[in-house]
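A short write-up of the structure that comes next.
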Amino acid sequence: MKHIVINFNLMLLVCLLCACNSKPEENTVSSPDGKIVITFLVKEGKACYSVGKEGETVINPSRLGFALNGEPDMAVFEVKKVSCSTLDEVWQQAWGEEIDVRNHYNEMKVELQEKVGEKRLLNIVFRAFDDGIGFRYEFPEQAHLKDFEIMDELTEFAIPQNYPTWSIPAYKGEYYEILYRQSSINQLDTVCTPLTLETPGGKYLTLHEANLTDYAAMNLYPVSGTTTLKTDLTPWSTGVKVYAQTPFVSPWRTLILADDLNQLVNSRIMLNLNEPSKIEDTSWIRPAKYAGIWWGMHLKKYSWEQGPIHGATTKNVKAYIDFAATHHLNGVLAEGWNEGWDGDWVANGHLFSFTEAYPDFDMDELSKYAAVKGVEIIGHHETGGATINYESQLEAAFAYDKKYGINYVKTGYVNNFLDKKERHSSQYGVRHYRKVIETAAKYHIMIDNHEPVMPTGLQRTYPNLMTQEGVRGQEYDAWSKDGGSPPEHTTILPFTRGLAGPMDFTFGTFDFTNSVNPQTRVQTTIAKQLALYVVIYSPLQMASDLPENYLNKPAFAFIEAVPVDWEKTIVKDGKIGDFVVTVRKDKHSNNWFLGAITDENARNLQVDLSFLDKGAGYTAKIFRDAADSHWQTNPYPVVIEEKEVSADTVLDLSLAPGGGTAIILEAK
Ligand code: NOJ
C-alpha cells in the first residue's frame, strides 16, 4: 500500500490557520470548508461539546467524561491547554469502494485537568472534516491514574430534534443479525451503531466509532425519552466496561453529516480515523469471488458433521473446484472439513481442531488439485465461540493452512457468548478478534470474519481483514422462522451496517425452492440477486447457490463478470428502505457496473449515465426483471439485452416488486 502525502508539511500550523479559536471557557475548530464547527465548552464545570453545520445546531451541548471504578467521575475539569493542527493527505486503499482516500481535517486537542482532588488529566482530541467529525479521549501517563476500570463512558449526543432513525437493538445475542427498524430517537431501545438519522430536509447523520482497539463497542440509548443519546459500552461479565492502564486512548466517536446518500456512502471519516496500514507489502492481499460448500448445509442437503450427507468430502470439493475454475471464480469455501462438528458443536466449541481434517477430506490431495486448477481453497475456522481453544491453536492453525496453500480463512463464533460468558462486542471480544487478525497477517492470511464485533474501519490498518458478517445475511432465507428477509432489508443496509465496512452477505441464489423449510425463502427476483453484487460492497463476494443451480443460466454471466474491487463508487439515487441505485467503476478496466434494487414495490427509475467518460462509447449489457416478474409469484425471468450508450444517455429502469436491474457498462 502506498501513501501519497500531498500536504504533510501543513501539519501543526497555528490555531488561526486551522480555524481553531480559543476563549477561556469555549474553544472551537471548524472543518476545512468552514461549514462544520465543533465547540468544546466547560458548562457548570463539566466538559461538553457541541456541533453546528452552516449555522444550524447539529448536536446541542453534550457531556463528555467517564465514571471509574472506586474513584470519582472524570468529568469536572478546567482547560489547561488547547492546540490545533491540520492535515491534508491522500492515501491509497489496498482494496475498496474507491482507490484514493483524502484525509483532510482540522484538529483541536483540549488538555484538561481536574480542578480538585487528585487533579487527574484527560485530553480530548476533536477532528473536523468536511463531511463530519470525530473525537477521542486520551488518558495521559500521570501520577494518580495508572490501572483503572471504566464503569461508564459519559459521552452524549444531544440531537436537537426527534429525527427518524434506522437501527438494530443491542444485547439480543444475535451478532447484529437482526432486521433494521425505523423509529424516532426518543423511542429507541439500546441500539448498536452505526445509527443513521434522516433530517426532514433529506440530510443524514450517522453515529458510529472508528478504531475500536482494546475497548468495548459503543451502543446508544435515549436518555429518559429525550432525543439525547447516551453511550452504553458493552460490559464484561464482571460488569466492568473497560480495563485500562495509562497511557490509554479510546476509540474515535464519529458523526457523518451528509447532504445526500452519495455523500453518506462516500464518507471516509471512519477509515481516516484508523491507523495507516501496518502491512507494508500488500501484494498478497487480493479481493476474490468464491463458491462454497455452504448453502447446501443451510438447506440441509449436506451436513457439516460426518455421516451420509457430509458435504466437505474430497469428491465434492473437487467438483466445486472444477465449477469455480470453469466460471472464473477465485476460490472455494469448504465448511465442515475438520474434527469437531459431530454432536452439539455450538455447546462444544472447545472440541474443534483446526489442524485435523475429517477422514473423507484429503487436504493434501485437494490443495494440489486446487493449485493445478488455479483455484484457492478458502479455509474455515468455526469456533463455536470457544476462543480459548481457538487461541491455543491459532499459530498451528494458520501454519497448517499455509502449508496447504490456503490464503483465505473464514472464521466463526456461533454462540451467544464467547467462552460461555463474554459478549462478542465486549473488550474481551475486541481483544480476541484483533489477535486473530494480527496472527493471520503474520501468515499472510486474509480473514472473512463471521459473528464479529461491529466493524470500525480496522481494514485500513490490517487490510487482510477483508470482510465480515455482523448482518442478517442471506442464510436467514434458508431457515428463518419469519419467512426470510423482506425485500426492503437490502435497501437499508448500505446506509446503516454498510457504513461500518464490507459485508459478507452471500447472495447469488438462483433457485428459491426450499423443501426443508418451505415457510421461508429468498424474497427477491433473480435480477435483484445480480444487482446486489454492486449495491452491497465486499471485497470477497460469494456465488452462494449450489453449482447445479447455475447450469445453463445465462444470468450467471453477470456474476462471472462483476468485479470485487473498485476505483470509484457513486450512489445515483435512493431512499432508505425503498430503493437504491449504485454505480461503481472497475479498478482494473474502464468498465462501470450498475445495480438498482427496490423494496416490495415496483418502481420506474431514470438514471443518467453522466459518470461515463465524455465522448466514449459503451455497450450496456442489461440484466433486468421481465414485465410480469414479482419476487413472490414470478421471480425467475431475467431479460438480458444490449444497448449502445454514452455519458449523454438516460436509462429507464423498470424494477419489479422485490426486483432489480444489473448492468455491465463495457467501454469500447
Ligand atoms: C454461521 C455463519 O454465518 C455461516 O456462514 C456458517 O455457515 C455457520 N455459522 C457455520 O459456521
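Just remember, in the C-alpha cells the first chain shown is A, the second B, etc., residues are 1-based per chain, and ligands are 1-based in the order shown.
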
12 Å contact set for A:Asp448, only C-alpha atoms, chain neighbours under 4 positions out, as number ranges by chain: A: 287-288, 290, 333, 378-382, 407-413, 433, 436-437, 440, 452, 455, 459, 463-470, 502-506, 538-542

Could you name the residues that touch stretch 162-164 of chain A at 9 Å or less, counting only C-alpha atoms, but leaving out those on the same chain fewer than 5 positions away, as a short mmCIF file (atom, residue, chain, number, x, y, z; two decimals) with all heavy atoms, in the first residue's frame?
```cif
data_model
loop_
_atom_site.label_atom_id
_atom_site.label_comp_id
_atom_site.auth_asym_id
_atom_site.auth_seq_id
_atom_site.Cartn_x
_atom_site.Cartn_y
_atom_site.Cartn_z
N GLN A 182 -37.27 1.19 11.76
CA GLN A 182 -37.32 2.64 11.77
C GLN A 182 -38.05 3.10 13.03
O GLN A 182 -39.11 2.56 13.35
CB GLN A 182 -38.07 3.12 10.53
CG GLN A 182 -37.70 4.52 10.15
CD GLN A 182 -38.43 5.02 8.94
OE1 GLN A 182 -39.08 4.27 8.23
NE2 GLN A 182 -38.36 6.30 8.71
N SER A 183 -37.48 4.07 13.73
CA SER A 183 -38.23 4.66 14.84
C SER A 183 -37.62 6.02 15.16
O SER A 183 -36.51 6.33 14.71
CB SER A 183 -38.19 3.76 16.07
OG SER A 183 -36.94 3.85 16.69
N SER A 184 -38.37 6.82 15.89
CA SER A 184 -37.82 8.13 16.24
C SER A 184 -36.81 7.96 17.38
O SER A 184 -36.82 6.94 18.08
CB SER A 184 -38.93 9.09 16.62
OG SER A 184 -39.73 8.49 17.59
N ILE A 185 -35.98 8.98 17.57
CA ILE A 185 -34.88 8.85 18.54
C ILE A 185 -35.40 8.51 19.94
O ILE A 185 -34.89 7.60 20.60
CB ILE A 185 -34.05 10.15 18.61
CG1 ILE A 185 -33.45 10.47 17.24
CG2 ILE A 185 -32.95 10.05 19.66
CD1 ILE A 185 -32.78 11.83 17.17
N ASN A 186 -36.44 9.20 20.36
CA ASN A 186 -36.86 9.03 21.76
C ASN A 186 -37.52 7.67 22.01
O ASN A 186 -37.76 7.31 23.16
CB ASN A 186 -37.77 10.18 22.22
CG ASN A 186 -39.11 10.16 21.51
OD1 ASN A 186 -39.30 9.42 20.53
ND2 ASN A 186 -40.03 10.98 21.97
N THR A 196 -28.21 5.53 11.90
CA THR A 196 -28.41 6.55 10.87
C THR A 196 -29.72 7.29 11.10
O THR A 196 -30.75 6.69 11.39
CB THR A 196 -28.36 5.90 9.47
OG1 THR A 196 -27.04 5.39 9.26
CG2 THR A 196 -28.69 6.90 8.37
N LEU A 197 -29.65 8.62 11.00
CA LEU A 197 -30.81 9.51 11.22
C LEU A 197 -31.04 10.30 9.94
O LEU A 197 -30.08 10.69 9.28
CB LEU A 197 -30.50 10.51 12.33
CG LEU A 197 -30.41 10.09 13.79
CD1 LEU A 197 -29.29 9.10 14.05
CD2 LEU A 197 -30.20 11.31 14.65
N GLU A 198 -32.29 10.56 9.62
CA GLU A 198 -32.60 11.39 8.44
C GLU A 198 -33.30 12.65 8.91
O GLU A 198 -34.26 12.59 9.69
CB GLU A 198 -33.49 10.60 7.46
CG GLU A 198 -33.75 11.39 6.19
CD GLU A 198 -34.52 10.60 5.13
OE1 GLU A 198 -34.72 9.38 5.31
OE2 GLU A 198 -34.93 11.22 4.13
N THR A 199 -32.84 13.80 8.42
CA THR A 199 -33.49 15.06 8.83
C THR A 199 -34.66 15.33 7.88
O THR A 199 -34.70 14.80 6.77
CB THR A 199 -32.51 16.24 8.74
OG1 THR A 199 -32.29 16.53 7.36
CG2 THR A 199 -31.20 15.95 9.44
N PRO A 200 -35.61 16.17 8.31
CA PRO A 200 -36.75 16.47 7.43
C PRO A 200 -36.30 17.05 6.10
O PRO A 200 -36.95 16.90 5.09
CB PRO A 200 -37.57 17.48 8.24
CG PRO A 200 -37.11 17.33 9.64
CD PRO A 200 -35.71 16.84 9.61
N THR A 226 -35.81 11.34 25.90
CA THR A 226 -35.45 12.58 25.20
C THR A 226 -34.79 12.23 23.86
O THR A 226 -34.69 11.06 23.49
CB THR A 226 -34.46 13.41 26.03
OG1 THR A 226 -33.22 12.69 26.06
CG2 THR A 226 -34.97 13.64 27.44
N THR A 227 -34.29 13.25 23.17
CA THR A 227 -33.57 12.99 21.93
C THR A 227 -32.05 13.07 22.17
O THR A 227 -31.28 13.20 21.22
CB THR A 227 -33.98 14.00 20.83
OG1 THR A 227 -33.75 15.32 21.32
CG2 THR A 227 -35.44 13.83 20.46
#
```

Where in stretch 312-345 of chain A does DSSP assign strand (DSSP E or B), given as number ranges by chain? A: 331-334, 338

Store the residues of this selection in a file with all heavy atoms, as a PDB file, in the first residue's frame.
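Wrote it out as out15.pdb, contents follow:
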```pdb
ATOM      1  N   GLY A 331     -12.164 -18.784  -5.667  1.00  0.00           N
ATOM      2  CA  GLY A 331     -11.989 -19.682  -4.530  1.00  0.00           C
ATOM      3  C   GLY A 331     -13.185 -20.569  -4.252  1.00  0.00           C
ATOM      4  O   GLY A 331     -14.283 -20.361  -4.787  1.00  0.00           O
ATOM      5  N   VAL A 332     -12.925 -21.591  -3.400  1.00  0.00           N
ATOM      6  CA  VAL A 332     -13.994 -22.484  -2.934  1.00  0.00           C
ATOM      7  C   VAL A 332     -13.878 -22.606  -1.419  1.00  0.00           C
ATOM      8  O   VAL A 332     -12.834 -23.004  -0.895  1.00  0.00           O
ATOM      9  CB  VAL A 332     -13.874 -23.884  -3.584  1.00  0.00           C
ATOM     10  CG1 VAL A 332     -14.780 -24.882  -2.881  1.00  0.00           C
ATOM     11  CG2 VAL A 332     -14.220 -23.815  -5.066  1.00  0.00           C
ATOM     12  N   LEU A 333     -14.946 -22.239  -0.738  1.00  0.00           N
ATOM     13  CA  LEU A 333     -15.014 -22.371   0.716  1.00  0.00           C
ATOM     14  C   LEU A 333     -15.448 -23.793   1.061  1.00  0.00           C
ATOM     15  O   LEU A 333     -16.403 -24.307   0.471  1.00  0.00           O
ATOM     16  CB  LEU A 333     -16.036 -21.362   1.258  1.00  0.00           C
ATOM     17  CG  LEU A 333     -16.523 -21.541   2.691  1.00  0.00           C
ATOM     18  CD1 LEU A 333     -15.416 -21.204   3.689  1.00  0.00           C
ATOM     19  CD2 LEU A 333     -17.745 -20.655   2.952  1.00  0.00           C
ATOM     20  N   ALA A 334     -14.737 -24.403   2.001  1.00  0.00           N
ATOM     21  CA  ALA A 334     -15.152 -25.745   2.440  1.00  0.00           C
ATOM     22  C   ALA A 334     -15.426 -25.690   3.934  1.00  0.00           C
ATOM     23  O   ALA A 334     -14.494 -25.622   4.736  1.00  0.00           O
ATOM     24  CB  ALA A 334     -14.054 -26.751   2.128  1.00  0.00           C
ATOM     25  N   ASN A 338     -13.257 -30.224   9.182  1.00  0.00           N
ATOM     26  CA  ASN A 338     -12.356 -30.555  10.296  1.00  0.00           C
ATOM     27  C   ASN A 338     -13.075 -31.203  11.467  1.00  0.00           C
ATOM     28  O   ASN A 338     -14.293 -31.100  11.619  1.00  0.00           O
ATOM     29  CB  ASN A 338     -11.668 -29.272  10.778  1.00  0.00           C
ATOM     30  CG  ASN A 338     -12.649 -28.189  11.198  1.00  0.00           C
ATOM     31  OD1 ASN A 338     -13.722 -28.047  10.618  1.00  0.00           O
ATOM     32  ND2 ASN A 338     -12.309 -27.438  12.210  1.00  0.00           N
TER      33      ASN A 338
END
```

Pick out each residue of stretch 462-612 of chain A that DSSP on the backbone tags as helix (DSSP H, G or I); I need them as a PyMOL selection string. chain A and resi 476-479+489-495+497-500+526-535+547-550+556-561

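Note that atom CA of A:Leu271 and atom 8 (C, counted along the ligand's line) of ligand 1 are 28.4 Å apart.
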
Hey, what's within 12 Å of A:Asp73 if we count only C-alpha atoms and toss same-chain stuff fewer than 6 positions away? As a PDB file with C-alpha atoms, in the first residue's frame, please?
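Output file selection29.pdb follows:
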```
ATOM      1  CA  LYS A  46     -18.435  19.800  33.210  1.00  0.00           C
ATOM      2  CA  ALA A  47     -16.679  19.037  29.924  1.00  0.00           C
ATOM      3  CA  LEU A  64     -18.067  14.141  27.924  1.00  0.00           C
ATOM      4  CA  GLY A  65     -16.186  12.116  30.520  1.00  0.00           C
ATOM      5  CA  PHE A  66     -16.055   8.847  32.436  1.00  0.00           C
ATOM      6  CA  ALA A  67     -17.210   7.063  35.553  1.00  0.00           C
ATOM      7  CA  GLU A 114      -9.461  18.236  37.318  1.00  0.00           C
ATOM      8  CA  VAL A 116      -9.888  19.471  42.748  1.00  0.00           C
ATOM      9  CA  GLY A 117      -8.809  16.180  44.295  1.00  0.00           C
ATOM     10  CA  GLU A 118      -6.088  14.271  42.523  1.00  0.00           C
ATOM     11  CA  LYS A 119      -6.084  16.662  39.580  1.00  0.00           C
ATOM     12  CA  ARG A 120      -6.209  13.830  37.067  1.00  0.00           C
ATOM     13  CA  LEU A 122      -7.682  13.872  30.355  1.00  0.00           C
ATOM     14  CA  PHE A 148      -8.202   1.924  36.088  1.00  0.00           C
ATOM     15  CA  GLU A 149     -11.605   0.453  35.273  1.00  0.00           C
ATOM     16  CA  ILE A 150     -14.147   2.310  33.187  1.00  0.00           C
ATOM     17  CA  MET A 151     -17.655   1.691  34.527  1.00  0.00           C
ATOM     18  CA  ASP A 152     -19.342   4.127  32.158  1.00  0.00           C
ATOM     19  CA  GLU A 153     -18.440   6.450  29.311  1.00  0.00           C
ATOM     20  CA  LEU A 154     -20.484   9.608  29.798  1.00  0.00           C
TER      21      LEU A 154
END
```

Applying 10 Å and only C-alpha atoms, which residues near A:Asp578 remain after dropping the ones on its own chain fewer than 5 positions away? List them as a tab-separated table (two decimals) with N, CA and C atoms, in the first residue's frame.
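Ended up saving to result_0.tsv:
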```tsv
chain	number	residue	atom	x	y	z
A	487	PRO	N	-38.09	-7.67	1.25
A	487	PRO	CA	-37.37	-7.01	0.15
A	487	PRO	C	-36.72	-5.68	0.55
A	488	GLU	N	-37.24	-4.99	1.55
A	488	GLU	CA	-36.65	-3.68	1.88
A	488	GLU	C	-35.31	-3.80	2.61
A	489	HIS	N	-35.02	-4.98	3.16
A	489	HIS	CA	-33.82	-5.17	4.00
A	489	HIS	C	-32.56	-4.63	3.31
A	490	THR	N	-32.36	-5.04	2.07
A	490	THR	CA	-31.10	-4.66	1.39
A	490	THR	C	-31.12	-3.21	0.91
A	491	THR	N	-32.28	-2.54	0.96
A	491	THR	CA	-32.30	-1.11	0.62
A	491	THR	C	-31.94	-0.25	1.83
A	492	ILE	N	-31.87	-0.87	3.01
A	492	ILE	CA	-31.48	-0.16	4.23
A	492	ILE	C	-30.00	-0.37	4.52
A	597	ILE	N	-31.90	-1.66	-6.96
A	597	ILE	CA	-32.77	-2.60	-6.25
A	597	ILE	C	-33.96	-1.84	-5.65
A	598	THR	N	-35.06	-2.55	-5.50
A	598	THR	CA	-36.24	-1.93	-4.88
A	598	THR	C	-36.77	-2.82	-3.75
A	599	ASP	N	-37.64	-2.24	-2.94
A	599	ASP	CA	-38.30	-2.99	-1.87
A	599	ASP	C	-39.46	-3.80	-2.47
A	600	GLU	N	-40.56	-3.94	-1.77
A	600	GLU	CA	-41.68	-4.75	-2.25
A	600	GLU	C	-42.49	-4.04	-3.34
A	601	ASN	N	-42.15	-2.77	-3.59
A	601	ASN	CA	-42.89	-2.01	-4.61
A	601	ASN	C	-42.16	-1.99	-5.94
A	603	ARG	N	-41.01	-0.21	-9.36
A	603	ARG	CA	-40.52	1.17	-9.46
A	603	ARG	C	-39.97	1.43	-10.84
```

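Non-sequential neighbours of A:Ile38 (distance at most 9 Å, separation of 5 or more positions within a chain, only C-alpha atoms) are Asn27, Thr28, Val29, Ser30, Ser31, Tyr49, Ser50, Val51, Gly52, Lys53, Phe126, Arg127, Ala128 and Ile133 of chain A.
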
d(atom CA of A:Tyr400, atom 8 (C, counted along the ligand's line) of ligand 1) in Å: 21.4 Å

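Considering the residues A:Phe579, A:Tyr369, A:Phe157, A:Tyr390 and counting only C-alpha atoms, A:Arg63 has its shortest atom-to-atom contact with A:Phe157.
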
One number please: atom CA of A:Ser62 to atom CA of A:Cys48, in Å, one decimal. 5.1 Å

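Minimum distance to A:Ile663 across A:Ala557, A:Met454, A:Met270, A:Leu87 (counting only C-alpha atoms) occurs at A:Ala557.
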
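Of the listed residues (A:Arg434, A:His450, A:Arg136, A:Lys172), A:His450 comes nearest to ligand 1; the distances count only C-alpha atoms and all ligand atoms.
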